[in-house]
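**Q** I am attaching a structure below and will ask some questions about it afterwards.
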Amino acid sequence: MASGIIFTSGHTWKQQRRFGLMTLRNLGLGKKGLEHRIQEEAHHLVEHFMNERGDPLDPFFPLVHSVSNVIAAVVFGHRFSIEDKNFHQLIENNDYLVKHEPSISEISKADPDSTFDEDNLVQTIFDLFLAGTETTTTTMRWAVLNMVAYPDVQERVQKELDAVLGPSQLICYEDRKNLPYTYAVIHEIQRYSSIVAVAIPRQCVKDTMLQGFPIAKGTIILPNLTSVLLDPEQWETPRQFNPNHFLDQDGNFVNKEAFLPFSAGHRVCLGEQLARTELFIFFTNLLRAFSFRLPEGVKEINTEYMLGGALQPHPYKICAVPR
Ligand code: HEM
């Protein structure tokens, strides 16, 4: 039988999803706890790039390290050092999670309706890790790649950051309100890269009429998120990277109903708030400290995606030049 959050439905899904959300909340999501964790990881990330002294690097490993450490803090209660062999194993082989046998007080044999058994615990941890690591890392890889591909956008972000933030000021998610251009760029990165092309499948529970289309009970539905994120009726230049999609004429940030990279409804991404906070804090810290450029002699960068579970960029190397 399926366990965890992503692959379940009905009672198990409800209980495990509620547990996942509660755990994130208890650990400070929406309060300051998890934000501190992200700020600390952003600090390590900047330090790691700084040590490369502007030499060509593939940002994948430092990014996945930072993103994983935020989730590790939630599910294991500690962060990994970048040299940690276990951490490398974790990244390469998610078996690590299954071998771990945590036991917590939620596991109850007394309640016959309880889904809090070890299978569900392991799978829920696995789900949070998988769903939280791959997606956020891939979005950050697109973020860096797009800054190299659109240097004028990068420059404008940096100008805004320099005008609003002090050079060593701790950046909070709250600062997005004073950084409309930067915030619009992050949204455009998510829209344009559309990394989760298709959301989790649904099954129709009763005969339904939807906008004139009959959908029979039992039909499996695949929500196509890319079709919304690239919809020509919703976006001025759907197939061009254009931060103006999220700005009004006065340069204020505007949210768009069709901005659905986290999907919508009961299954909406459970980590949306966490992911938004991570993307903002990692992106602003990196762009304040570095300009991303092509390595010497390299003329262009591949901005096509590779088809897979998530739409990922091709592996690439860039230089993080300290500003
Ligand atoms: C940029 C980063 C992220 C993106 C674009 C993203 C996107 C999505 C999407 C599209 C879904 C499917 C929703 C649906 O079928 O309607 C989803 C589900 C999910 N996400 Fe995320 N996600 C991100 C980050 C995270 C993080 C950081 C976590 C960890 C806490 C997380 C945990 C989950 C879980 C557990 C589900 C399954 C929810 C369910 O089945 O009820 N995600 N995410």
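A note on labels: chains of the structure tokens are A, B, ... as shown, every chain counts residues from 1, and ligands are counted from 1 in their shown order.
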Write out as a PyMOL selection string all residues of segment 183-232 of chain A that backbone DSSP assigns to alpha helix (DSSP H).
**A** chain A and resi 183-193+225-229
**Q** Quick one: residues within 7 Å of ligand 1, with only C-alpha atoms and all ligand atoms, as JSON, numbers by chain?
**A** {"A": [5, 6, 7, 13, 17, 71, 127, 128, 129, 131, 132, 133, 135, 136, 139, 195, 196, 199, 200, 201, 261, 262, 263, 264, 265, 266, 267, 268, 269, 270, 271, 272, 274, 275, 276]}
**Q** Write a file of the just-selected residues containing C-alpha atoms, as a short mmCIF file (atom, residue, chain, number, x, y, z; two decimals), in the first residue's frame.
**A**
```cif
data_model
loop_
_atom_site.label_atom_id
_atom_site.label_comp_id
_atom_site.auth_asym_id
_atom_site.auth_seq_id
_atom_site.Cartn_x
_atom_site.Cartn_y
_atom_site.Cartn_z
CA ILE A 5 2.08 12.26 1.13
CA ILE A 6 2.77 12.44 -2.59
CA PHE A 7 1.66 8.94 -3.58
CA TRP A 13 -2.87 11.49 2.61
CA ARG A 17 -0.08 15.95 4.85
CA ILE A 71 15.21 20.27 4.89
CA ASP A 127 8.67 13.00 0.25
CA LEU A 128 9.69 16.21 2.00
CA PHE A 129 13.30 15.63 1.03
CA ALA A 131 9.99 17.34 -3.23
CA GLY A 132 11.89 20.03 -1.36
CA THR A 133 15.41 19.49 -2.65
CA THR A 135 12.67 21.56 -7.09
CA THR A 136 14.31 24.39 -5.17
CA THR A 139 14.99 26.70 -9.71
CA ILE A 195 10.14 23.18 -13.65
CA VAL A 196 7.19 21.05 -12.54
CA ALA A 199 1.43 18.30 -11.18
CA ILE A 200 0.39 15.18 -9.24
CA PRO A 201 -2.30 13.13 -11.06
CA PRO A 261 4.40 26.94 -10.34
CA PHE A 262 3.27 25.49 -6.99
CA SER A 263 -0.08 24.38 -8.46
CA ALA A 264 -3.39 25.08 -6.65
CA GLY A 265 -6.15 23.37 -4.68
CA HIS A 266 -6.00 20.78 -1.89
CA ARG A 267 -2.75 19.28 -3.16
CA VAL A 268 -1.00 22.61 -3.63
CA CYS A 269 2.73 22.37 -2.86
CA LEU A 270 3.12 21.84 0.84
CA GLY A 271 6.47 23.62 0.86
CA GLU A 272 5.44 26.74 -1.09
CA LEU A 274 9.46 27.52 2.54
CA ALA A 275 10.48 27.45 -1.13
CA ARG A 276 9.57 31.11 -1.67
#
```
**Q** Can you list, as a PyMOL selection string, every protein, DNA or RNA residue that comes within 10 Å of segment 169-172 of chain A when you count only C-alpha atoms, leaving out same-chain residues fewer than 3 positions away?
**A** chain A and resi 32+35-36+38-40+42-43+165-166+175-176+277+280-282+284-285
**Q** Now that the selection is made, can you save its residues with C-alpha atoms as a short mmCIF file (atom, residue, chain, number, x, y, z; two decimals), in the first residue's frame?
**A**
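result26.cif was written with the following content:
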```
data_model
loop_
_atom_site.label_atom_id
_atom_site.label_comp_id
_atom_site.auth_asym_id
_atom_site.auth_seq_id
_atom_site.Cartn_x
_atom_site.Cartn_y
_atom_site.Cartn_z
CA LYS A 32 11.68 33.28 12.36
CA GLU A 35 14.26 31.77 8.13
CA HIS A 36 17.36 31.90 10.37
CA ILE A 38 18.00 29.71 5.50
CA GLN A 39 20.04 32.83 6.28
CA GLU A 40 22.75 30.67 7.79
CA ALA A 42 22.93 31.48 2.44
CA HIS A 43 25.97 32.66 4.39
CA LEU A 165 20.23 46.77 1.42
CA GLY A 166 23.41 47.40 3.37
CA ASP A 175 12.67 42.75 2.46
CA ARG A 176 10.93 41.60 -0.74
CA THR A 277 11.60 32.14 1.37
CA PHE A 280 14.39 34.95 -2.14
CA ILE A 281 17.10 34.71 0.51
CA PHE A 282 19.51 32.61 -1.56
CA THR A 284 19.47 38.09 -3.05
CA ASN A 285 22.51 36.99 -1.04
#
```
**Q** Tell me which of A:Val153, A:Ala197, A:Ala216, A:Leu161 sits closest to Asn244 of chain A, counting only C-alpha atoms.
**A**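 Going through A:Val153, A:Ala197, A:Ala216, A:Leu161 one by one, the smallest distance to Asn244 of chain A is for A:Val153.
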**Q** Going by DSSP on the backbone, which bits of segment 148-210 of chain A are strand (DSSP E or B)? Write them as a list of chain:residue names, please.
**A**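 Secondary structure check on segment 148-210 of chain A, strand (DSSP E or B): A:Val198, A:Arg202, A:Gln203, A:Thr208, A:Met209, A:Leu210.
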